[in-house]
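Asker: This is the structure I have questions about; it appears just below.
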Amino acid sequence: QGYAIATAALEAGAKVTIISGPTSIEPPDRANMVDVTSAREMYDAVQNTIGNIDIFIGVAAVADYRPVNVAEQKIKKSGAPSNHRITLELVENPDIIASVANQKDRPFIVGFAAETDNVIEYARKKLVTKNIDMIIANDVSGTSVGFNSDQNSTTVLWPDRSEELPVMSKAAISSRIIELVAETINEKSK
Ligand code: C5P
């Protein structure tokens, strides 16, 4: 979905930087790519980029937690019968989109919310708590839409209204989202 959004933005004439974790698909070739492999690297790359942008679209499914200690080598089984379990201590990752929203001269900010239940309610909560301008609520409860599928079922939410989009391809949804972003920015600047 992130690469589809970037492609739609490029087609609309934007200059696009993609900050991306590893994926199995090809990014659009006209985008400026910044490759990262962890949430903290993504956070740093975003901080280095946001001074120069008008629109920030947070599409990455960032892990909420990371292990406190990262093993340099493969963790071996101990062999002792009492050691069939190990405990990994996790610490919260920084919320990247909220950090962008807290900047003084912030860009227009669009988030995504993948939810399995109470989709609209939870997405609206994220719109408010993360203090962003628009959020795309994504119903990932089924297997035919959402992750690992080209179809997506989405509703766009603003602080004062919402619009349900028909189930369509990630490319078609992305073009509509970019149109709605442009419309919202134009309305705001009137
Ligand atoms: O994971 P969650 O549903 O909270 O994601 C909602 C939005 O927040 C998404 O736009 C996601 O990219 C962003 N997010 C973030 N940093 C995190 C977690 C989520 O920017 N650590």
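Chain labels run A, B, ... following the order of the structure tokens; each chain numbers its residues from 1, and ligands are numbered from 1 in the order shown.
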Show me which residues sit within 8 Å of ligand 1 when counting only C-alpha atoms and all ligand atoms, and put them as a list in words.
Answerer: Ala39, Tyr43, Ile57, Gly58, Val59, Ala60, Ala61, Val62, Ala63, Asp64, Tyr65, Glu92, Asn93, Pro94, Asp95, Ile96, Ile97, Ala98, Ser99, Val110, Gly111, Phe112, Ala113, Ala114, Glu115, Ala123, Lys126, Lys130 and Ile135 of chain A
Asker: Near A:Thr23, counting only C-alpha atoms, which residues have an atom at most 12 Å away, once you skip same-chain residues fewer than 4 positions from it, shown as a PyMOL selection string?
Answerer: chain A and resi 1-3+19+27+35-37+60+148
Asker: Counting only C-alpha atoms, which of A:Asn131, A:Ser169, A:Ser20, A:Ser189 gets nearest to A:Asp150?
Answerer: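 With only C-alpha atoms as the atom set, the closest residue is A:Ser169.
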Asker: Quick check for you: according to DSSP on this backbone, which residues of stretch 17-168 of chain A are classed as strand (DSSP E)? Reply as a ChimeraX atom specification.
Answerer: /A:17-20,32-35,55-58,65-67,90-92,108-115,134-139,151-152,154-158,161-164,168
Asker: Any idea what's packed within 10 Å of A:Ile177, counting only C-alpha atoms, ignoring anything in its chain fewer than 6 positions away? Could you give it as an mmCIF file with N, CA, C and O atoms, in the first residue's frame?
Answerer:
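After the write, part_15.cif holds the following:
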data_model
loop_
_atom_site.group_PDB
_atom_site.id
_atom_site.type_symbol
_atom_site.label_atom_id
_atom_site.label_comp_id
_atom_site.auth_asym_id
_atom_site.auth_seq_id
_atom_site.Cartn_x
_atom_site.Cartn_y
_atom_site.Cartn_z
ATOM 1 N N ILE A 5 0.776 4.239 -2.786
ATOM 2 C CA ILE A 5 0.560 5.651 -2.444
ATOM 3 C C ILE A 5 1.663 6.511 -3.069
ATOM 4 O O ILE A 5 1.403 7.569 -3.633
ATOM 5 N N ALA A 8 1.019 6.878 -6.761
ATOM 6 C CA ALA A 8 -0.086 7.816 -7.027
ATOM 7 C C ALA A 8 0.379 9.264 -6.828
ATOM 8 O O ALA A 8 0.022 10.152 -7.601
ATOM 9 N N ALA A 9 1.203 9.502 -5.799
ATOM 10 C CA ALA A 9 1.703 10.858 -5.543
ATOM 11 C C ALA A 9 2.635 11.304 -6.677
ATOM 12 O O ALA A 9 2.571 12.445 -7.130
ATOM 13 N N VAL A 110 -0.963 12.388 7.126
ATOM 14 C CA VAL A 110 -1.956 11.338 6.860
ATOM 15 C C VAL A 110 -1.463 10.042 7.485
ATOM 16 O O VAL A 110 -0.309 9.655 7.287
ATOM 17 N N MET A 134 -5.623 13.450 8.723
ATOM 18 C CA MET A 134 -6.489 12.491 8.005
ATOM 19 C C MET A 134 -6.025 11.092 8.369
ATOM 20 O O MET A 134 -4.821 10.895 8.587
ATOM 21 N N ILE A 135 -6.936 10.136 8.461
ATOM 22 C CA ILE A 135 -6.481 8.749 8.694
ATOM 23 C C ILE A 135 -7.282 7.810 7.790
ATOM 24 O O ILE A 135 -8.469 8.037 7.551
ATOM 25 N N ILE A 136 -6.587 6.811 7.264
ATOM 26 C CA ILE A 136 -7.235 5.839 6.388
ATOM 27 C C ILE A 136 -7.449 4.575 7.217
ATOM 28 O O ILE A 136 -6.482 3.905 7.596
ATOM 29 N N VAL A 156 -12.004 6.813 4.847
ATOM 30 C CA VAL A 156 -11.144 7.954 5.141
ATOM 31 C C VAL A 156 -11.818 8.796 6.221
ATOM 32 O O VAL A 156 -13.009 9.104 6.122
ATOM 33 N N LEU A 165 -14.724 4.337 1.144
ATOM 34 C CA LEU A 165 -14.349 4.098 -0.247
ATOM 35 C C LEU A 165 -14.802 2.694 -0.643
ATOM 36 O O LEU A 165 -14.799 1.783 0.183
ATOM 37 N N ALA A 171 -3.942 0.358 -5.870
ATOM 38 C CA ALA A 171 -3.570 1.466 -6.765
ATOM 39 C C ALA A 171 -4.720 2.459 -6.876
ATOM 40 O O ALA A 171 -4.517 3.679 -6.772
ATOM 41 N N GLU A 183 -7.450 17.867 -2.086
ATOM 42 C CA GLU A 183 -8.688 18.629 -1.827
ATOM 43 C C GLU A 183 -8.677 19.218 -0.418
ATOM 44 O O GLU A 183 -9.039 20.369 -0.208
#
Asker: By how many Å are atom CA of A:Arg30 and atom CA of A:Asp133 apart?
Answerer: 26.5 Å
Asker: Which neighbours of A:Val119 fall inside 9 Å, counting only C-alpha atoms, when residues of the same chain fewer than 6 positions from it are skipped, and could you give them as an NGL selection string?
Answerer: :A and (113 or 137-139)
Asker: Find, counting only C-alpha atoms, the residue in A:Thr155, A:Ser141, A:Asn48, A:Asn186 that gets nearest to A:Ile173.
Answerer: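 Of the candidates, the smallest distance to A:Ile173 is held by A:Thr155.
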Asker: Take atom CA of A:Pro159 and atom CA of A:Ser175 and report the distance between them in Å, one decimal.
Answerer: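 Spanning atom CA of A:Pro159 to atom CA of A:Ser175 is a straight-line distance of 21.3 Å.
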Asker: Quick one: pick out all helix (DSSP H, G or I) residues within stretch 19-178 of chain A from a backbone DSSP run and write them as number ranges by chain.
Answerer: A: 39-52, 81-83, 96-101, 119-129, 170-178
